[in-house]
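The data block below is target-v1.txt; it holds compact mmCIF, C-alpha atoms and all ligand atoms.
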# COMPACT_ATOMS: atom_id res chain seq x y z
CA ARG A 1 -25.95 59.58 -25.71
CA PRO A 2 -25.21 57.81 -28.98
CA HIS A 3 -28.89 56.91 -29.47
CA LEU A 4 -29.78 60.63 -29.89
CA SER A 5 -29.09 62.68 -32.99
CA MET A 6 -30.19 65.97 -34.45
CA ASN A 7 -31.43 65.69 -37.97
CA ALA A 8 -31.82 68.91 -39.97
CA LEU A 9 -34.98 67.59 -41.58
CA ASP A 10 -36.68 65.65 -38.78
CA GLY A 11 -35.30 67.25 -35.64
CA LEU A 12 -34.28 65.33 -32.53
CA THR A 13 -34.25 61.63 -33.30
CA VAL A 14 -33.98 58.52 -31.13
CA GLU A 15 -32.11 55.80 -33.01
CA GLU A 16 -33.89 56.04 -36.40
CA VAL A 17 -37.18 57.47 -35.19
CA PRO A 18 -37.83 61.25 -35.10
CA LEU A 19 -39.50 62.27 -31.84
CA ALA A 20 -41.99 64.37 -33.84
CA ARG A 21 -43.35 61.14 -35.32
CA ILE A 22 -43.85 59.64 -31.89
CA ALA A 23 -45.61 62.78 -30.65
CA ALA A 24 -47.90 62.79 -33.69
CA ALA A 25 -48.84 59.15 -33.14
CA VAL A 26 -49.01 58.95 -29.35
CA GLY A 27 -49.36 62.52 -28.08
CA THR A 28 -47.50 64.03 -25.13
CA PRO A 29 -46.31 63.74 -22.44
CA THR A 30 -44.69 60.44 -23.39
CA TRP A 31 -41.69 58.52 -22.11
CA VAL A 32 -39.42 57.24 -24.87
CA TYR A 33 -36.86 54.47 -24.32
CA SER A 34 -34.10 53.36 -26.68
CA ALA A 35 -33.74 49.57 -26.77
CA GLY A 36 -30.35 49.95 -28.44
CA ALA A 37 -29.04 52.16 -25.66
CA LEU A 38 -30.29 49.74 -22.99
CA ARG A 39 -28.49 46.85 -24.71
CA ARG A 40 -25.33 48.87 -25.19
CA ARG A 41 -25.17 49.84 -21.53
CA ALA A 42 -25.92 46.33 -20.28
CA ARG A 43 -23.06 45.04 -22.45
CA ALA A 44 -20.67 47.83 -21.44
CA LEU A 45 -21.23 47.10 -17.77
CA LYS A 46 -20.69 43.39 -18.20
CA ALA A 47 -17.58 44.01 -20.31
CA ALA A 48 -16.13 46.23 -17.56
CA LEU A 49 -16.68 43.51 -14.95
CA ASP A 50 -15.24 40.82 -17.22
CA GLY A 51 -12.32 43.09 -18.07
CA ALA A 52 -11.41 43.34 -14.38
CA GLY A 53 -11.44 39.54 -14.20
CA LEU A 54 -14.41 39.43 -11.85
CA ARG A 55 -16.95 36.64 -11.70
CA ALA A 56 -19.99 38.87 -11.54
CA SER A 57 -23.74 38.73 -12.04
CA VAL A 58 -25.74 41.88 -12.75
CA HIS A 59 -29.15 42.23 -11.11
CA TYR A 60 -30.80 45.29 -12.62
CA ALA A 61 -32.58 47.35 -9.93
CA VAL A 62 -36.12 47.14 -11.27
CA LYS A 63 -37.24 50.16 -9.23
CA ALA A 64 -35.47 52.46 -11.68
CA ASN A 65 -37.77 51.52 -14.54
CA THR A 66 -40.38 48.76 -14.33
CA SER A 67 -41.55 48.84 -17.95
CA LEU A 68 -42.01 45.24 -19.08
CA ALA A 69 -40.46 46.15 -22.43
CA VAL A 70 -37.36 47.54 -20.69
CA LEU A 71 -37.18 44.45 -18.48
CA ARG A 72 -37.56 42.17 -21.50
CA VAL A 73 -34.68 43.86 -23.33
CA LEU A 74 -32.46 43.55 -20.26
CA ALA A 75 -33.53 39.95 -19.65
CA ALA A 76 -32.48 39.12 -23.21
CA GLU A 77 -29.05 40.59 -22.34
CA GLY A 78 -28.83 38.08 -19.51
CA LEU A 79 -29.41 40.52 -16.67
CA GLY A 80 -31.10 39.36 -13.50
CA ALA A 81 -33.24 41.58 -11.28
CA ASP A 82 -33.10 43.24 -7.90
CA VAL A 83 -36.67 43.76 -6.67
CA VAL A 84 -38.14 45.47 -3.63
CA SER A 85 -41.82 44.59 -3.73
CA GLU A 86 -44.35 42.02 -4.87
CA GLY A 87 -45.16 44.25 -7.85
CA GLU A 88 -41.53 44.38 -8.96
CA LEU A 89 -41.13 40.63 -8.46
CA ARG A 90 -44.19 40.02 -10.60
CA ALA A 91 -42.93 42.45 -13.26
CA ALA A 92 -39.53 40.75 -13.42
CA ARG A 93 -41.14 37.32 -13.75
CA ALA A 94 -43.66 38.60 -16.34
CA ALA A 95 -40.78 39.94 -18.43
CA GLY A 96 -39.14 36.52 -18.39
CA ILE A 97 -36.46 36.94 -15.73
CA PRO A 98 -36.15 33.58 -13.97
CA GLY A 99 -36.55 33.36 -10.21
CA ALA A 100 -32.99 32.01 -10.05
CA ALA A 101 -31.73 35.43 -11.23
CA ILE A 102 -33.78 37.54 -8.80
CA VAL A 103 -32.65 39.17 -5.56
CA PHE A 104 -35.16 40.70 -3.13
CA SER A 105 -34.00 43.82 -1.23
CA GLY A 106 -35.84 46.24 1.00
CA VAL A 107 -36.28 47.18 4.60
CA GLY A 108 -39.95 46.26 4.99
CA LYS A 109 -40.78 43.09 3.08
CA THR A 110 -44.19 41.84 4.16
CA GLU A 111 -45.02 38.25 4.97
CA ARG A 112 -47.04 38.07 1.76
CA GLU A 113 -44.03 39.26 -0.25
CA LEU A 114 -41.70 36.78 1.44
CA ARG A 115 -44.18 33.99 0.71
CA LEU A 116 -44.11 34.85 -2.99
CA ALA A 117 -40.31 35.04 -2.95
CA LEU A 118 -40.21 31.54 -1.44
CA ALA A 119 -42.76 30.21 -3.91
CA GLU A 120 -40.71 31.60 -6.82
CA ASP A 121 -37.56 30.12 -5.24
CA ILE A 122 -35.63 33.32 -6.00
CA ALA A 123 -31.84 33.43 -5.82
CA GLN A 124 -31.49 35.44 -2.64
CA ILE A 125 -33.37 37.48 -0.08
CA ASN A 126 -31.33 40.33 1.40
CA LEU A 127 -32.15 40.56 5.09
CA GLU A 128 -32.06 43.97 6.71
CA SER A 129 -32.62 43.13 10.38
CA ALA A 130 -32.67 40.40 13.02
CA GLU A 131 -36.43 40.85 13.23
CA GLU A 132 -36.85 40.15 9.55
CA ALA A 133 -34.60 37.08 9.84
CA GLU A 134 -36.86 35.62 12.55
CA MET A 135 -39.95 36.32 10.50
CA LEU A 136 -38.56 34.69 7.35
CA SER A 137 -37.19 31.73 9.27
CA ALA A 138 -40.56 30.97 10.83
CA LEU A 139 -42.33 31.36 7.49
CA ALA A 140 -39.87 29.27 5.47
CA ALA A 141 -39.80 26.52 8.11
CA SER A 142 -43.59 26.39 8.21
CA LEU A 143 -43.66 25.99 4.43
CA GLY A 144 -40.90 23.38 4.46
CA ARG A 145 -38.63 25.64 2.42
CA THR A 146 -35.11 26.97 2.74
CA ALA A 147 -34.47 30.61 1.90
CA ARG A 148 -31.04 31.62 0.63
CA VAL A 149 -30.32 34.84 2.46
CA ALA A 150 -27.67 37.54 2.44
CA LEU A 151 -27.17 39.96 5.27
CA ARG A 152 -27.32 43.60 4.23
CA VAL A 153 -24.72 45.51 6.13
CA ASN A 154 -24.69 49.23 6.75
CA PRO A 155 -21.00 50.12 6.46
CA ASP A 156 -21.43 53.67 7.83
CA VAL A 157 -19.76 55.45 4.93
CA ASP A 158 -20.86 58.69 3.33
CA ALA A 159 -21.53 58.26 -0.40
CA ARG A 160 -21.49 62.08 -0.80
CA THR A 161 -24.68 62.22 -2.80
CA HIS A 162 -28.07 63.89 -2.17
CA ALA A 163 -29.21 63.32 1.43
CA LYS A 164 -32.47 61.75 0.26
CA ILE A 165 -30.64 58.99 -1.60
CA THR A 166 -27.82 58.24 0.84
CA THR A 167 -28.33 54.80 2.36
CA GLY A 168 -25.05 53.62 3.86
CA LYS A 169 -24.71 55.86 6.91
CA SER A 170 -25.40 54.54 10.38
CA GLU A 171 -28.32 56.93 10.86
CA ASN A 172 -30.07 55.56 7.74
CA LYS A 173 -32.74 52.89 8.15
CA PHE A 174 -30.96 50.38 5.91
CA GLY A 175 -29.09 47.21 6.80
CA VAL A 176 -27.57 46.08 10.08
CA ALA A 177 -24.61 47.75 11.76
CA ILE A 178 -21.39 46.16 10.59
CA ASP A 179 -20.35 45.50 14.19
CA ASP A 180 -23.49 43.43 14.76
CA ALA A 181 -23.09 41.50 11.52
CA PRO A 182 -20.82 38.61 12.64
CA ALA A 183 -23.11 37.56 15.51
CA LEU A 184 -26.24 37.91 13.40
CA TYR A 185 -24.73 35.98 10.49
CA ALA A 186 -23.79 33.17 12.89
CA ARG A 187 -27.35 33.19 14.18
CA LEU A 188 -28.74 32.99 10.61
CA ALA A 189 -26.81 29.74 10.18
CA THR A 190 -28.65 28.23 13.15
CA LEU A 191 -32.17 29.38 12.28
CA PRO A 192 -34.43 26.81 10.60
CA GLY A 193 -35.44 27.55 7.02
CA LEU A 194 -32.51 29.90 6.34
CA GLU A 195 -29.27 29.35 4.49
CA PRO A 196 -26.90 32.31 4.74
CA VAL A 197 -25.07 32.66 1.42
CA GLY A 198 -23.43 36.05 1.59
CA VAL A 199 -23.28 39.68 2.59
CA ALA A 200 -24.67 42.72 0.79
CA THR A 201 -24.45 46.47 0.91
CA HIS A 202 -25.78 49.49 -0.98
CA ILE A 203 -24.42 52.86 0.04
CA GLY A 204 -26.50 55.27 -2.01
CA SER A 205 -27.48 56.38 -5.47
CA GLN A 206 -26.13 58.81 -8.09
CA ILE A 207 -22.60 58.41 -6.76
CA THR A 208 -20.36 60.62 -8.87
CA SER A 209 -17.76 61.68 -6.33
CA GLY A 210 -15.27 58.96 -7.23
CA MET A 211 -14.64 55.54 -5.81
CA ALA A 212 -13.56 56.46 -2.28
CA ALA A 213 -16.89 55.66 -0.60
CA TYR A 214 -17.28 52.44 -2.57
CA ARG A 215 -13.76 51.38 -1.68
CA SER A 216 -14.18 51.95 2.03
CA ALA A 217 -17.55 50.18 2.08
CA TYR A 218 -16.20 47.19 0.16
CA ALA A 219 -13.03 47.07 2.25
CA ARG A 220 -15.20 46.79 5.35
CA LEU A 221 -17.25 44.09 3.69
CA ALA A 222 -14.07 42.16 2.83
CA GLU A 223 -12.94 42.33 6.46
CA LEU A 224 -16.32 41.10 7.56
CA VAL A 225 -16.18 38.16 5.14
CA GLN A 226 -12.75 37.21 6.48
CA ALA A 227 -14.07 37.30 10.04
CA LEU A 228 -17.04 35.14 9.05
CA ARG A 229 -14.79 32.64 7.32
CA ALA A 230 -12.48 32.53 10.34
CA ALA A 231 -15.53 31.65 12.42
CA GLY A 232 -16.22 28.75 10.06
CA LEU A 233 -19.27 30.35 8.48
CA PRO A 234 -19.93 29.86 4.76
CA VAL A 235 -19.92 32.92 2.47
CA ARG A 236 -20.59 32.21 -1.18
CA HIS A 237 -20.78 35.69 -2.68
CA VAL A 238 -20.85 39.40 -2.03
CA ASP A 239 -23.63 41.70 -3.25
CA CYS A 240 -22.09 45.10 -4.04
CA GLY A 241 -25.37 47.02 -4.49
CA GLY A 242 -25.91 49.75 -7.08
CA GLY A 243 -25.45 53.49 -7.05
CA LEU A 244 -23.16 54.22 -9.98
CA GLY A 245 -23.94 57.80 -11.04
CA ILE A 246 -24.46 59.23 -14.52
CA PRO A 247 -23.53 62.67 -15.87
CA TYR A 248 -26.81 64.61 -16.05
CA ARG A 249 -24.99 67.83 -16.79
CA ASP A 250 -21.69 66.73 -18.32
CA GLU A 251 -20.23 66.60 -14.81
CA PRO A 252 -17.46 64.07 -14.33
CA ALA A 253 -18.94 60.66 -13.46
CA PRO A 254 -17.13 57.40 -12.89
CA LEU A 255 -17.17 54.73 -15.59
CA PRO A 256 -18.12 51.13 -14.82
CA GLU A 257 -14.44 50.26 -15.26
CA ALA A 258 -13.68 52.36 -12.18
CA LEU A 259 -16.32 50.52 -10.15
CA ALA A 260 -15.06 47.17 -11.41
CA GLY A 261 -11.55 48.21 -10.41
CA ALA A 262 -12.68 49.25 -6.92
CA ILE A 263 -14.44 45.90 -6.45
CA LYS A 264 -11.43 43.98 -7.71
CA ALA A 265 -9.02 45.86 -5.44
CA THR A 266 -11.08 45.40 -2.28
CA LEU A 267 -13.11 42.21 -2.68
CA GLY A 268 -10.98 40.48 -5.33
CA PRO A 269 -8.65 38.79 -2.82
CA LEU A 270 -11.63 36.90 -1.37
CA GLY A 271 -11.97 35.03 -4.68
CA LEU A 272 -15.77 35.10 -4.48
CA PRO A 273 -18.32 35.86 -7.17
CA VAL A 274 -19.90 39.30 -6.81
CA MET A 275 -23.36 40.62 -7.57
CA LEU A 276 -24.24 44.16 -8.70
CA GLU A 277 -27.58 45.98 -8.51
CA PRO A 278 -27.33 48.93 -10.91
CA GLY A 279 -30.49 50.81 -11.78
CA ARG A 280 -29.83 54.35 -12.95
CA TRP A 281 -26.63 53.61 -14.86
CA ILE A 282 -28.47 51.09 -17.03
CA ALA A 283 -31.86 52.76 -17.47
CA GLY A 284 -31.23 56.51 -17.06
CA PRO A 285 -29.54 57.68 -20.27
CA PRO A 286 -31.65 55.48 -22.60
CA GLY A 287 -34.90 57.27 -21.63
CA LEU A 288 -36.37 60.71 -22.22
CA LEU A 289 -39.61 62.48 -21.50
CA LEU A 290 -41.21 64.09 -24.51
CA ALA A 291 -43.47 67.07 -23.75
CA SER A 292 -45.22 69.87 -25.62
CA VAL A 293 -45.20 73.59 -24.98
CA VAL A 294 -48.64 74.75 -23.84
CA LEU A 295 -47.71 78.39 -23.94
CA HIS A 296 -44.94 80.82 -23.46
CA LYS A 297 -45.64 83.32 -20.73
CA GLN A 298 -43.83 86.57 -20.06
CA GLY A 299 -43.88 87.20 -16.29
CA ALA A 300 -43.01 90.45 -14.53
CA ASN A 301 -39.32 89.69 -14.76
CA ARG A 302 -39.05 86.10 -15.94
CA ARG A 303 -39.88 84.18 -19.07
CA PHE A 304 -41.87 80.97 -18.41
CA LEU A 305 -42.11 78.04 -20.73
CA VAL A 306 -45.24 76.16 -19.62
CA LEU A 307 -45.31 72.49 -20.63
CA ASP A 308 -47.93 69.76 -20.71
CA ALA A 309 -45.66 67.63 -18.48
CA GLY A 310 -45.55 68.36 -14.78
CA MET A 311 -43.94 67.33 -11.52
CA ASN A 312 -46.48 64.54 -11.40
CA ASP A 313 -44.71 63.05 -14.45
CA LEU A 314 -41.06 63.80 -13.66
CA VAL A 315 -40.69 64.55 -9.96
CA ARG A 316 -36.88 64.48 -9.70
CA PRO A 317 -36.31 68.26 -10.08
CA ALA A 318 -38.95 69.03 -7.42
CA MET A 319 -37.84 66.25 -5.08
CA TYR A 320 -34.04 66.29 -5.33
CA GLU A 321 -33.29 69.60 -7.05
CA ALA A 322 -32.19 67.36 -9.92
CA TRP A 323 -30.95 68.82 -13.19
CA HIS A 324 -32.14 67.31 -16.49
CA GLY A 325 -31.03 68.45 -19.91
CA ILE A 326 -33.93 69.96 -21.88
CA LEU A 327 -33.63 70.05 -25.66
CA PRO A 328 -35.97 71.52 -28.24
CA VAL A 329 -37.05 68.84 -30.71
CA GLY A 330 -37.91 70.80 -33.87
CA PRO A 331 -35.03 71.31 -36.33
CA GLU A 332 -35.67 75.05 -36.57
CA ASP A 333 -35.91 75.39 -32.76
CA PHE A 334 -32.56 73.71 -32.41
CA VAL A 335 -30.74 76.53 -34.18
CA ALA A 336 -32.90 79.46 -33.01
CA PRO A 337 -31.37 82.11 -30.70
CA VAL A 338 -31.72 81.33 -26.99
CA SER A 339 -32.41 83.31 -23.85
CA PRO A 340 -33.02 82.26 -20.23
CA ALA A 341 -36.41 80.74 -19.43
CA ASP A 342 -37.97 78.99 -16.46
CA VAL A 343 -39.36 75.66 -17.57
CA VAL A 344 -42.48 74.79 -15.59
CA GLY A 345 -45.39 72.37 -15.60
CA PRO A 346 -49.11 73.00 -15.22
CA VAL A 347 -49.41 71.65 -11.66
CA CYS A 348 -50.59 74.08 -9.01
CA GLU A 349 -47.38 74.18 -6.98
CA THR A 350 -44.35 76.42 -7.23
CA GLY A 351 -42.26 73.26 -6.90
CA ASP A 352 -43.55 72.27 -10.33
CA THR A 353 -40.45 73.86 -11.86
CA PHE A 354 -38.14 71.76 -13.99
CA ALA A 355 -35.45 74.36 -14.55
CA ARG A 356 -34.73 78.00 -13.85
CA GLY A 357 -33.01 80.34 -16.26
CA ARG A 358 -32.39 77.64 -18.88
CA ALA A 359 -31.09 78.82 -22.26
CA LEU A 360 -33.89 78.01 -24.69
CA PRO A 361 -35.40 79.52 -27.83
CA SER A 362 -38.82 81.16 -27.67
CA LEU A 363 -40.80 78.04 -28.43
CA LYS A 364 -44.29 78.29 -29.89
CA PRO A 365 -47.32 76.52 -28.40
CA GLY A 366 -47.26 72.93 -29.61
CA ALA A 367 -43.46 72.83 -30.00
CA LEU A 368 -41.84 69.73 -28.54
CA VAL A 369 -39.11 69.45 -25.93
CA ALA A 370 -37.26 66.44 -24.54
CA PHE A 371 -36.06 65.91 -20.97
CA LEU A 372 -32.88 63.87 -21.22
CA ASP A 373 -31.62 61.01 -19.04
CA ALA A 374 -35.10 60.43 -17.68
CA GLY A 375 -35.24 56.65 -18.10
CA ALA A 376 -34.45 55.94 -14.45
CA TYR A 377 -36.72 57.12 -11.61
CA GLY A 378 -38.89 58.91 -14.17
CA ALA A 379 -42.10 57.10 -15.10
CA VAL A 380 -41.88 54.91 -12.00
CA MET A 381 -42.14 57.90 -9.67
CA SER A 382 -44.99 59.63 -11.45
CA SER A 383 -48.39 60.19 -9.92
CA THR A 384 -51.82 61.39 -10.98
CA TYR A 385 -51.69 64.54 -8.85
CA ASN A 386 -54.05 67.22 -10.18
CA MET A 387 -56.03 64.33 -11.75
CA ARG A 388 -53.49 64.02 -14.55
CA PRO A 389 -53.40 60.64 -16.31
CA LEU A 390 -50.13 58.67 -16.25
CA ALA A 391 -48.21 59.29 -19.47
CA ALA A 392 -47.74 56.78 -22.28
CA GLU A 393 -44.48 54.88 -22.77
CA VAL A 394 -42.85 54.08 -26.10
CA MET A 395 -39.87 51.94 -27.01
CA VAL A 396 -37.73 52.64 -30.06
CA ASP A 397 -35.63 49.88 -31.60
CA GLY A 398 -33.81 50.88 -34.77
CA THR A 399 -36.40 52.08 -37.27
CA ARG A 400 -39.38 50.75 -35.30
CA PHE A 401 -41.25 52.05 -32.32
CA ALA A 402 -44.17 50.74 -30.30
CA VAL A 403 -46.34 51.94 -27.45
CA THR A 404 -45.20 49.82 -24.52
CA ARG A 405 -47.59 51.35 -22.02
CA ASP A 406 -50.91 52.95 -22.91
CA ARG A 407 -51.59 56.43 -21.68
CA GLN A 408 -53.94 56.17 -18.71
CA SER A 409 -57.50 56.96 -19.75
CA TYR A 410 -59.88 59.14 -17.79
CA GLU A 411 -62.03 56.03 -17.29
CA ASP A 412 -59.00 54.37 -15.62
CA LEU A 413 -58.37 57.46 -13.61
CA LEU A 414 -61.93 57.82 -12.29
CA GLY A 415 -63.00 54.22 -12.53
CA ARG A 416 -61.79 52.99 -9.16
CA ASP A 417 -63.72 55.59 -7.16
CA ARG A 418 -66.90 54.37 -5.50
CA LEU A 419 -69.80 56.35 -4.10
CA PRO A 420 -71.56 54.62 -1.19
CA ASP A 421 -75.36 54.55 -1.18
CA TRP A 422 -75.45 57.01 1.70
CA LEU A 423 -73.77 59.58 -0.54
CA GLY A 424 -76.28 59.04 -3.29
CA GLY A 425 -74.68 56.04 -4.96
CA ALA A 426 -72.99 55.51 -8.31
CA PRO A 427 -72.49 58.50 -10.59
N1 LIG B 1 -29.97 48.37 -4.67
C1 LIG B 1 -30.67 48.88 -3.65
C2 LIG B 1 -30.82 48.10 -2.42
C3 LIG B 1 -31.24 50.17 -3.77
O1 LIG B 1 -31.93 50.69 -2.75
C4 LIG B 1 -31.09 50.90 -4.97
C5 LIG B 1 -31.68 52.24 -5.14
C6 LIG B 1 -30.36 50.30 -6.02
C7 LIG B 1 -29.81 49.05 -5.82
C8 LIG B 1 -30.16 50.99 -7.33
O2 LIG B 1 -29.44 52.17 -7.22
P1 LIG B 1 -28.96 52.95 -8.53
O3 LIG B 1 -27.95 52.06 -9.22
O4 LIG B 1 -30.15 53.18 -9.38
O5 LIG B 1 -28.37 54.19 -8.01
N2 LIG B 1 -35.35 58.08 -6.75
C9 LIG B 1 -33.97 58.47 -6.59
C10 LIG B 1 -33.05 57.28 -6.49
C11 LIG B 1 -33.42 56.31 -5.39
C12 LIG B 1 -32.54 55.09 -5.31
C13 LIG B 1 -33.07 54.09 -4.35
N3 LIG B 1 -32.33 52.87 -4.23
C14 LIG B 1 -33.59 59.40 -7.72
O6 LIG B 1 -34.44 59.71 -8.57
O7 LIG B 1 -32.47 59.90 -7.78

Would you encode the structure as structure tokens?
Ligand code: LLP
Amino acid sequence: RPHLSMNALDGLTVEEVPLARIAAAVGTPTWVYSAGALRRRARALKAALDGAGLRASVHYAVKANTSLAVLRVLAAEGLGADVVSEGELRAARAAGIPGAAIVFSGVGKTERELRLALAEDIAQINLESAEEAEMLSALAASLGRTARVALRVNPDVDARTHAKITTGKSENKFGVAIDDAPALYARLATLPGLEPVGVATHIGSQITSGMAAYRSAYARLAELVQALRAAGLPVRHVDCGGGLGIPYRDEPAPLPEALAGAIKATLGPLGLPVMLEPGRWIAGPPGLLLASVVLHKQGANRRFLVLDAGMNDLVRPAMYEAWHGILPVGPEDFVAPVSPADVVGPVCETGDTFARGRALPSLKPGALVAFLDAGAYGAVMSSTYNMRPLAAEVMVDGTRFAVTRDRQSYEDLLGRDRLPDWLGGAP
């Protein structure tokens, strides 16, 4: 995490900006993103793909972090986007990512979403079923358009990650069975309004167990492409999906060079350009969640550090038993003696626990802490549960920082409720 440093005077610092300054200006909880780290990771990923001699395009999975500022930084690095909804498509376009660099994934795209994708003439729509192919064909034909489509294949491999984020097994809802793919691909070529341009897969997320699952998925994809070619069907590129894991806890995690090598070894012989859809690897490490200590509570047999951030802000620990590093921010807290504490939020659920028995100093009310590697699937998964406003977002770039998303106001939070006349009308 080269964008983070500990400064004896200012405490934990992102690039050149002490987190204490951000907290003083913006309050907490607040998400903080390092523009420099985003750029560095985008470049490192592209360098790994180039280094393996691949012709590759990177389509950042917008779902990981939809901040327009984040998208703008990545757009300036030449990244395209992988979107899964109208909202994400609009965000990508608003940040300046051209339609020609956008891929649309997802198992339940609505007609309205497909219409927008056609109107924006995006690069590719990844089809997940025969039913969806029929629907898009009818729509595109009626609009006099041709949709470039890829067929998302479910390779039935186990990515050996958390069950909730495994997507490439046959029992998962994603993609079409690889055995059905040749016939369906042939059918795509005959349907009006569709132009099949390739095959796609995505086997899961936070893959840290090595390249074995990737290799077997891509090897199956390569076989499929050869079968399609033998049947005289055109295949212009292969979409390799995302999923590359990051070390949340200094566990071994593969580098992009390993993924590039796995792609080269399996799909390289086809001589086709490849697409990648990384989300977490790009956006995770550059982000953190800054929170304040509300109080320190001594329970019957446990020490609780109660924060002003809750599971409504960062849901990953509650939802996936995820581990996030938690660092004190103040320079004196950084060197203070530590003992085990449970780090919890204020939400009225036992699941609102970020960490159990974490070695931390006895932080005073108002002290700051930072949740590390929270840039991906952090802010985007937050909710207003317990009527808690969505947190602010800040981007740091060198010595500057700016609020890139206002904290939700209570007017925003309450303002969309309506009271019908028969309940007494407006408050
Ligand atoms: N492409 C497709 C089709 C996907 O479904 C996903 C993620 C990605 C790409 C990006 O995967 P990544 O490179 O970020 O692993 N909320 C969970 C992660 C859900 C991932 C969903 N799909 C978490 O917090 O761990």

Let me see if you get this right: every residue at most 9 Å from ligand LIG 1 (chain B), counting all atoms listed in the file, written as JSON, numbers by chain. {"A": [59, 60, 61, 62, 63, 64, 82, 83, 84, 104, 105, 106, 107, 126, 152, 162, 164, 165, 166, 167, 174, 200, 201, 202, 203, 204, 205, 206, 207, 240, 241, 242, 243, 244, 245, 276, 277, 278, 279, 280, 281, 282, 283, 284, 315, 316, 317, 319, 320, 322, 376, 377, 378, 380, 381]}

List as a CSV table (one decimal) with C-alpha atoms, in the frame of the given file: which residues have an atom within 12 Å of (-36.2, 30.9, 1.6), counting all atoms listed in the file?
chain,number,residue,atom,x,y,z
A,103,VAL,CA,-32.6,39.2,-5.6
A,104,PHE,CA,-35.2,40.7,-3.1
A,111,GLU,CA,-45.0,38.2,5.0
A,113,GLU,CA,-44.0,39.3,-0.2
A,114,LEU,CA,-41.7,36.8,1.4
A,115,ARG,CA,-44.2,34.0,0.7
A,116,LEU,CA,-44.1,34.8,-3.0
A,117,ALA,CA,-40.3,35.0,-3.0
A,118,LEU,CA,-40.2,31.5,-1.4
A,119,ALA,CA,-42.8,30.2,-3.9
A,120,GLU,CA,-40.7,31.6,-6.8
A,121,ASP,CA,-37.6,30.1,-5.2
A,122,ILE,CA,-35.6,33.3,-6.0
A,123,ALA,CA,-31.8,33.4,-5.8
A,124,GLN,CA,-31.5,35.4,-2.6
A,125,ILE,CA,-33.4,37.5,-0.1
A,126,ASN,CA,-31.3,40.3,1.4
A,127,LEU,CA,-32.2,40.6,5.1
A,133,ALA,CA,-34.6,37.1,9.8
A,134,GLU,CA,-36.9,35.6,12.6
A,135,MET,CA,-40.0,36.3,10.5
A,136,LEU,CA,-38.6,34.7,7.4
A,137,SER,CA,-37.2,31.7,9.3
A,138,ALA,CA,-40.6,31.0,10.8
A,139,LEU,CA,-42.3,31.4,7.5
A,140,ALA,CA,-39.9,29.3,5.5
A,141,ALA,CA,-39.8,26.5,8.1
A,142,SER,CA,-43.6,26.4,8.2
A,143,LEU,CA,-43.7,26.0,4.4
A,144,GLY,CA,-40.9,23.4,4.5
A,145,ARG,CA,-38.6,25.6,2.4
A,146,THR,CA,-35.1,27.0,2.7
A,147,ALA,CA,-34.5,30.6,1.9
A,148,ARG,CA,-31.0,31.6,0.6
A,149,VAL,CA,-30.3,34.8,2.5
A,150,ALA,CA,-27.7,37.5,2.4
A,188,LEU,CA,-28.7,33.0,10.6
A,191,LEU,CA,-32.2,29.4,12.3
A,192,PRO,CA,-34.4,26.8,10.6
A,193,GLY,CA,-35.4,27.6,7.0
A,194,LEU,CA,-32.5,29.9,6.3
A,195,GLU,CA,-29.3,29.4,4.5
A,196,PRO,CA,-26.9,32.3,4.7
A,197,VAL,CA,-25.1,32.7,1.4

For Ala355 (chain A), work out the shell of residues within 8 Å, counting all atoms listed in the file and skipping chain neighbours fewer than 6 positions away, then give it as a list in words.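 Answer for this query is Pro317, Trp323, Asp342, Val343 and Val344 of chain A.
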
Between CA of Pro269 (chain A) and CA of Ala213 (chain A), what distance in Å does the model show, to one decimal?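 Atom-to-atom, CA of Pro269 (chain A) and CA of Ala213 (chain A) are spaced 18.9 Å apart.
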
Between A:Ser85, A:Thr208, A:Ser216, A:Ser129, which residue has the minimum interatomic distance to Pro256 (chain A), considering only C-alpha atoms?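 Of the candidates, the smallest distance to Pro256 (chain A) is held by A:Thr208.
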
Please indicate the distance in Å from CA of Phe354 (chain A) to CA of Ala318 (chain A), rounded to one decimal place. 7.2 Å

Quick one: residues within 12 Å of region 356-359 of chain A, all atoms listed in the file counted, chain neighbours fewer than 2 positions away excluded, as a ChimeraX atom specification? /A:301-305,317-318,321-328,334,336-344,350-354,361-363

Quick one: residues within 10 Å of Val70 (chain A), only C-alpha atoms counted, chain neighbours fewer than 4 positions away excluded, as a list in words?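 Skipping anything fewer than 4 positions along the chain leaves Tyr33, Ser34, Ala35, Leu38, Arg39, Val62, Asn65, Thr66, Leu74, Ala75, Ala95, Ala283, Pro286, Gly375, Met395 and Thr404 of chain A.
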
Spatial neighbours of Arg55 (chain A), max dist 8 Å, all atoms listed in the file, sep filter under 2 positions, as a VMD selection string: chain A and resid 49 to 50 53 57 272 to 274

Convert the current residue selection to file output with C-alpha atoms, as a compact mmCIF listing (two decimals), in the coordinates of the input.
# COMPACT_ATOMS: atom_id res chain seq x y z
CA LEU A 49 -16.68 43.51 -14.95
CA ASP A 50 -15.24 40.82 -17.22
CA GLY A 53 -11.44 39.54 -14.20
CA SER A 57 -23.74 38.73 -12.04
CA LEU A 272 -15.77 35.10 -4.48
CA PRO A 273 -18.32 35.86 -7.17
CA VAL A 274 -19.90 39.30 -6.81

What does the structure give for the distance between CA of Arg249 (chain A) and CA of Ala159 (chain A), in Å to one decimal? 19.3 Å

Just want the 8 Å neighbourhood of Gly11 (chain A), counted on all atoms listed in the file, with same-chain residues fewer than 5 positions away dropped. Output as a PyMOL selection string. chain A and resi 6+18-20+329-332+334
